[in-house]
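Worksheet: the structure to be examined is printed underneath.
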Amino acid sequence: MKSFTMSSSSQANQTSFLEGLNPKQKEAVTYSDGPLLIVAGAGSGKTRVLTYRIAYLLQQFKAAPQEILALTFTNKAAREMKDRIFQLIGDPAHSLWMGTFHSVFSRILRVEAKKLGFGQDFTIYDTSDAETVIKQILQELNYDPKQIKPRTIHYKISDAKNQLIDPDTYAKKFIGSTLDNITSKVYTIYKKRLKDSNAMDFDDLLILPIELFDTDPQLLEKYQNRFRYILIDEYQDTNHAQYKVTKLLADKHHNLCVVGDDAQSIYSFRGADISNILNFKQDYTDAHQVPLEQNYRSTKSILTCADSIIKKNEKQLNKTLWTEKDYGEPIIVLENFDERDEANRVAQYILKLSQQAKFNYNQFAILYRTNYQSRVFEEAFRRHKIDYQLIGGLSFYQRKEIKDVLAYLKLLVNQFDETNLIRIINEPSRGIGQKSINDIRRASREQGLRVWELLEQVEETQVYRPAKVRIREFVNMMNEFREALTTKKVKLHELTRNVLDKSGYMKMLVEEQSHESLMRRENILEFINAISYYEKENNKTSLSAFLQEISLITDGDKFDESKPAVTLMTVHGSKGLEFPVVFVVGLEENLFPVGVKDNFDVDIEEERRLFYVAITRAQERLYFSHCSNRFKYGEEQRQIRSRFLDEVDTSVVRTETGATLRQRSDRFMSTRGANSNTENGEANPNENIVSAQKRRSSLGTTIEYDSAGKSPSHKSYSSLGSIDYDLNEGMDPFVVGAVVVHDKFGSGKIISRSGSGTQTKVVVFFKNRGQKKLMLQAAPLSLIKD
DNA sequence: GTGCTCCATTTTTTT
DNA sequence: AATGGAGCAC
């Protein structure tokens, strides 16, 4: 064990770093043992307090570095904290237990896996892996994944897991609705399937430690003793499982310090339970509370604006953020015709500000509600030669080619990993088709053997004969790789190259000769570089550890504040960051606040908190922007300005011309306001189409009698003499009110029509399938005459 | 068993 | 606009 020393030796100097803190901050840093709740408003120096507190604990010899556990939600936050503590205390910082909940507990699980019946080399399934498993199970149970969405089931299972409800309890408690019954069945199989695959999903990384500690009190005590001090960042975002596992760990020493801000709770969709922070003082009756209310980040205008928004929320702890700063510049609202207009305008502002006001590119951030909004900004910035960094969206490790390579490697480490085995058994295609794969899987269930075990004895299994040979070749190939891995004959990056060569994966990409496949090859090379780098950095290279580590990496990690580039990210991604100039874009109804989901109402208060988070990222200048038209689903939509713009304090807001913002206070009186423009049964945001007129082709639509001669059928054809419905509206029998038959959906009635020419769409209400929107030209619809 | 074409759906946010 | 599934031809 390394002993801890500060760089300076005198006691007076050792505490000198406390001098820059305000009284409340100092109190939070130096408050000694016992539970501590720090309610830290935006920009109040929260990370500083946390890092100083850790340094202080070490300096007072309250704990050794390895006895301190600091938990964050994102890798980004963890990294920042690590960096800052390293600056304070140097090398001992490396001995701290610090990271995201998921990474810290996966490390513990790696050590304790055997006690739970898992192998040390378990695979971590991400959301898409989990949905693949669920889809497979739905098919085995004869449910159509088109009607029962794997995503919905996964969401429900994840929800149950975070509430610590196991499949048996779920089966007892949640009988009734069809969806719950299906979820119950799938959940039971899903849990078993993952265990058989020696795999854990993200939720397991939190709930399995609880299971472990519940069943083994001695082990719990071991970890309780190890983590004598526990600190949790963003406590308002903890879900029940996270709450429970940290409560268990802190139960002996009670040295639990949590930092949070209920106003910034934006992850309830992931099960975050705001009551964890609201009830902290009931939970720990001896808890001490320190409020941090002085904001060091933003101008008074920005803070006033933020405050005016958050005040509209009813569920809210009272607190008053204040600043010593001046009002500064007013907040400017940009009104745009459409999203391209919006992106161009923002680009122009950035150019102007960077010249006039001497802002560097890395001082700007564009914040949006959804990832897909980034595209137009990328295009505009490229056009205007503005460097940018895009954070989030499809991450590197989610790309198909990377997931494929990873699947090979994961399979080498853990041959029971069924999902990744199926993923690559025929990728590149080697003559093992869907039929053979299904046969093997069925046999696997029937015989109680794992898929890999069956493959090993494929000769004795009922499979399409030609496929047997291919499977044998595949199995032998993988066994050779595994041999190379376990005997450590080759370095990891060499092994990866071998896998890509001998499997034919690279060959497949080379032969494809498309721009797409070239990109894929480049990504793969980048991945191999990442492995080489990892090998250089770590002397004890374990493929298994590497794979587990990167399973928990996201794109947020690549944010680099020193890179001279404008940052593009979602509001969620921006939490914890700050920028001198912030553009909050797409402030439109059904976008921000987000539009209705299938069955759930939008949590408008959470959307408002999200807007609050966006505002409070800004230090000096803040811009709001919205469009009156926007392309969505390949169609232009009419957009209504966000209600949030009717809620801001207009004394600090101006339009581009300097005028006061006009507001309507009565626009959304009901909390269900998000639905108010789509009250027509099934939500159908596509209804307000403004322009389908510009695009017109020679493709036309007409009515023909098919050879069976029963009823007129609707066909499309391409010819010069096509009929244009714009001019011949009367030719089209598919009018509102018409009764139609769809090949798949059965009979229904047309309830509305939109677009024109080839872009004509109809909304049909089907008796058995509900409302659907269809392209008239393409849909297999026929008219019923009566 | 593979690959192409047509159709339908998708968009919240993240570990 | 882009992705994925179903159905069909080879």
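Labels used: A, B, ... for chains in the order of the structure tokens, numbers from 1 for residues in each chain, and numbers from 1 for ligands as shown.
When the distance limit is 12 Å and only C-alpha atoms (C1' of nucleotides) are what count, the residues near DC10 of chain C, minus those fewer than 3 positions from it on the same chain, are DG1, DT2, DG3 and DC4 of chain B.
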Check your understanding: What residues in chain A lie within 12 Å of chain C, counting only C-alpha atoms (C1' of nucleotides), written as a PyMOL selection string?
Key -> chain A and resi 144-146+372+375+631-635+744
Practice item. Identify which of the residues A:Arg608, A:Lys491, A:Lys247, A:Arg369 lies closest to chain B, counting only C-alpha atoms (C1' of nucleotides) when measuring atom-to-atom distances. Key: A:Arg369
Exercise for review: Identify all chain B residues at most 7 Å from chain A by counting only C-alpha atoms (C1' of nucleotides); ligands do not count. Present them as a ChimeraX atom specification.
Suggested key: /B:1,12-13,15
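Separating atom CA of Leu208 of chain A from atom CA of Arg151 of chain A is a distance of 22.3 Å.
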